[in-house]
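Single-structure report; data block below.
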Amino acid sequence: MSQSETEKIVADLMDKIPEIEGILLLDQKGNVSVGQTITTMNHSEIAKNAAVIIASARELNKSIEKGDANATYVEGDNGYAVIANSEKAILLAIIGKDAAPSLGLIIRDLKIALSRIKL
């Protein structure tokens with residue numbers, strides 16, 4: 001899949017869900033391949049932290065014998081970091097607090113978008 005096709009999938013997802021303030025596609029090591037945020041943010045720092053969270057979630061799920069971790073979210077005072085992941089990639093959405101009722105749908109949309117991205 002070309003870089004422009006991947007960027008289109010990510011941009012379409014951001015357009016589809018107005019609560020998304022930013023979205024990053026990264027590999028399991030935390031290297032950003034596509035990143036778009038509505039404000040200036042340090043994409044590299046965000047990606048590295050997301051990769052650590054996913055690695056920890058995978059270890060947790062392994063220790064409780066629940067299979068691989070494929071989604072997680074972190075709630076903050078002003079919003080959420082919602083993360084979907086596959087064996088090859090991580091898709092992280094930064095969303096506002098107003099998206100609380102839609103978290104399940106956002107996670108689903110992230111998983112669908114991630115399944116369409118071929119790295």
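For the structure tokens, the naming scheme is as follows: chains receive sequential letters (A, B, ...) according to their order of presentation, residues are indexed from 1 within each chain, and ligands are indexed from 1 in presentation order.
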| request: May I have the residues within 10 Å of Asn78 of chain A as a ChimeraX atom specification, using only C-alpha atoms and disregarding those fewer than 4 positions away in the same chain? | output: /A:95-98
| field | Residue list (helix (DSSP H, G or I), DSSP) for segment 4-118 of chain A, as a PyMOL selection string | value | chain A and resi 4-16+43-63+97-116
| With only C-alpha atoms as the basis for distance, which of A:Leu60, A:Ser115, A:Ile20, A:Lys66 is at the shortest distance from Leu92 of chain A? |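 Answer, going by the shortest atom-to-atom distance: A:Ile20.
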Which polymer residues have any atom within 12 Å of an atom of Ile112 of chain A, counting only C-alpha atoms, with same-chain residues fewer than 4 positions away left out, as a short mmCIF file (atom, residue, chain, number, x, y, z; two decimals) with N, CA, C and O atoms, in the first residue's frame?
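The result, written out as around-v2.cif:
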data_model
loop_
_atom_site.label_atom_id
_atom_site.label_comp_id
_atom_site.auth_asym_id
_atom_site.auth_seq_id
_atom_site.Cartn_x
_atom_site.Cartn_y
_atom_site.Cartn_z
N ILE A 9 -6.59 6.90 4.26
CA ILE A 9 -7.36 6.13 5.24
C ILE A 9 -7.37 6.85 6.58
O ILE A 9 -8.42 7.01 7.22
N VAL A 10 -6.21 7.32 7.00
CA VAL A 10 -6.09 8.03 8.28
C VAL A 10 -6.86 9.35 8.24
O VAL A 10 -7.61 9.68 9.16
N LEU A 13 -10.62 8.80 8.38
CA LEU A 13 -11.07 8.46 9.72
C LEU A 13 -11.19 9.72 10.58
O LEU A 13 -12.17 9.90 11.30
N ASN A 70 -5.55 -5.95 21.74
CA ASN A 70 -5.74 -5.32 20.43
C ASN A 70 -6.33 -3.92 20.51
O ASN A 70 -6.46 -3.25 19.50
N ALA A 71 -6.65 -3.46 21.72
CA ALA A 71 -7.14 -2.09 21.87
C ALA A 71 -7.04 -1.69 23.34
O ALA A 71 -7.17 -2.53 24.23
N ALA A 84 -5.60 1.29 18.92
CA ALA A 84 -5.87 -0.03 18.35
C ALA A 84 -4.55 -0.53 17.77
O ALA A 84 -3.75 0.26 17.29
N ASN A 85 -4.32 -1.83 17.85
CA ASN A 85 -3.07 -2.33 17.31
C ASN A 85 -3.23 -3.71 16.69
O ASN A 85 -4.14 -4.46 16.99
N SER A 86 -2.31 -3.98 15.76
CA SER A 86 -2.21 -5.28 15.12
C SER A 86 -0.77 -5.75 15.30
O SER A 86 0.02 -5.08 15.98
N LEU A 91 -2.52 2.25 15.75
CA LEU A 91 -3.27 3.43 15.33
C LEU A 91 -3.80 4.10 16.60
O LEU A 91 -4.55 3.49 17.36
N LEU A 105 -17.47 2.88 19.68
CA LEU A 105 -17.55 3.05 18.22
C LEU A 105 -16.22 3.55 17.66
O LEU A 105 -15.80 3.14 16.57
N ILE A 106 -15.54 4.41 18.39
CA ILE A 106 -14.25 4.91 17.92
C ILE A 106 -13.23 3.78 17.89
O ILE A 106 -12.49 3.64 16.91
N ILE A 107 -13.21 2.95 18.93
CA ILE A 107 -12.29 1.80 18.94
C ILE A 107 -12.59 0.89 17.75
O ILE A 107 -11.69 0.44 17.05
N ARG A 108 -13.86 0.64 17.50
CA ARG A 108 -14.24 -0.20 16.36
C ARG A 108 -13.76 0.41 15.04
O ARG A 108 -13.17 -0.27 14.20
N ARG A 116 -7.46 -2.16 7.21
CA ARG A 116 -7.36 -1.75 5.80
C ARG A 116 -5.95 -1.29 5.42
O ARG A 116 -5.61 -1.23 4.25
N ILE A 117 -5.15 -0.96 6.43
CA ILE A 117 -3.79 -0.47 6.18
C ILE A 117 -2.83 -1.65 6.06
O ILE A 117 -2.74 -2.47 6.97
#
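Nearest to Ala47 of chain A of all the residues A:Ala93, A:Ala11, A:Gly79, A:Glu87 is A:Ala93, based on only C-alpha atoms.
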